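Accompanying notes for the structure given below.
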Amino acid sequence: MSKVFEPESRLEDWLPSSLHNTVVNPTPETHVSILDDKAILLNLDTGAYHALNSVGTVIWENIAPDCTLADIHAILCDRYEVAEETAREDLLELVIRLYHLGVVTLERRP
């Protein structure tokens, strides 16, 4: 059974060690517009929005119920000439920011 992230635990504490069993999902109130290689995410409830660059858009396009953060990390490493640690740090930074904007949820799986 999966477990949705609980706000009382610090996301920054458990997420870095949970790439293989964490799935990111857009919230139902998230609207996205993609033009070329850029995306704009909008939380329709709060009005908060976030613009994604081309790498952020690749991350967004690979958010899927069966795709873990480790899967997205591997896609980034394959697609771009980047150190694994740099890709991991950038991925986590973006996911944490999107979570705090309310445009994604995080789900830990066993």
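Naming scheme: A, B, ... for chains in displayed order of the structure tokens; residues 1 onward per chain; ligands 1 onward as shown.
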Inset, instruction - From a DSSP calculation on the backbone, collect every residue of chain A in strand (DSSP E) and output the set as a VMD selection string. - result: chain A and resid 3 to 4 22 to 26 30 to 35 38 to 43 49 to 52 104 to 108
Inset, instruction - Report the residues of chain A whose backbone DSSP state falls under alpha helix (DSSP H), written as a ChimeraX atom specification. - result: /A:11-14,54-61,69-79,84-101
Legend entry - Who sits within 12 Å of Glu61 (chain A), only C-alpha atoms, same chain under 6 positions skipped, as a PyMOL selection string: chain A and resi 24-26+32-34+37-39+41+52+54-55+67+72+75-76
Can I get the selection written as a short mmCIF file (atom, residue, chain, number, x, y, z; two decimals), in the first residue's frame, with N, CA and C atoms?
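New file result05.cif:
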```cif
data_model
loop_
_atom_site.label_atom_id
_atom_site.label_comp_id
_atom_site.auth_asym_id
_atom_site.auth_seq_id
_atom_site.Cartn_x
_atom_site.Cartn_y
_atom_site.Cartn_z
N VAL A 24 5.68 11.13 -8.17
CA VAL A 24 5.13 12.48 -8.17
C VAL A 24 3.90 12.48 -9.06
N ASN A 25 2.82 13.11 -8.58
CA ASN A 25 1.59 13.21 -9.37
C ASN A 25 1.11 14.65 -9.39
N PRO A 26 0.62 15.13 -10.53
CA PRO A 26 0.03 16.46 -10.54
C PRO A 26 -1.25 16.47 -9.71
N VAL A 32 -1.57 22.88 -16.90
CA VAL A 32 -0.26 23.05 -17.52
C VAL A 32 -0.42 23.44 -18.98
N SER A 33 0.43 24.36 -19.41
CA SER A 33 0.52 24.74 -20.82
C SER A 33 1.97 24.58 -21.25
N ILE A 34 2.17 23.83 -22.32
CA ILE A 34 3.53 23.61 -22.84
C ILE A 34 3.62 24.22 -24.23
N ASP A 37 9.61 24.03 -25.70
CA ASP A 37 10.22 23.23 -24.64
C ASP A 37 10.08 23.90 -23.27
N LYS A 38 9.08 24.76 -23.13
CA LYS A 38 8.82 25.46 -21.87
C LYS A 38 7.41 25.13 -21.39
N ALA A 39 7.24 25.09 -20.07
CA ALA A 39 5.92 24.80 -19.49
C ALA A 39 5.58 25.84 -18.44
N LEU A 41 3.00 26.02 -15.19
CA LEU A 41 2.12 25.28 -14.31
C LEU A 41 1.32 26.27 -13.48
N LEU A 52 8.62 26.58 -16.13
CA LEU A 52 9.67 25.57 -16.20
C LEU A 52 10.53 25.80 -17.44
N SER A 54 13.52 24.14 -20.11
CA SER A 54 13.43 22.92 -20.91
C SER A 54 13.69 21.66 -20.07
N VAL A 55 14.62 21.72 -19.12
CA VAL A 55 14.88 20.55 -18.27
C VAL A 55 13.69 20.29 -17.35
N CYS A 67 6.03 6.08 -12.71
CA CYS A 67 7.39 6.58 -12.93
C CYS A 67 7.91 7.17 -11.62
N ILE A 72 12.89 9.16 -13.40
CA ILE A 72 13.07 10.50 -13.99
C ILE A 72 14.54 10.91 -13.93
N ILE A 75 16.34 9.27 -16.74
CA ILE A 75 16.01 9.94 -18.01
C ILE A 75 16.86 11.20 -18.17
N LEU A 76 16.97 11.99 -17.10
CA LEU A 76 17.78 13.21 -17.16
C LEU A 76 19.25 12.89 -17.44
#
```
Legend entry - Residues near region 95-110 of chain A, cut-off 10 Å, only C-alpha atoms, skip fewer than 2 positions along chain, as a VMD selection string: chain A and resid 1 to 6 11 to 12 15 18 to 32 41 to 50 56 59 to 60 63 65 68 to 69 89 to 93
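Atom pair CA of Arg88 (chain A) / CA of Leu35 (chain A) has a distance of 25.2 Å (rounded to one decimal).
A straight line drawn from CA of Ile40 (chain A) to CA of Val82 (chain A) is 24.1 Å long.
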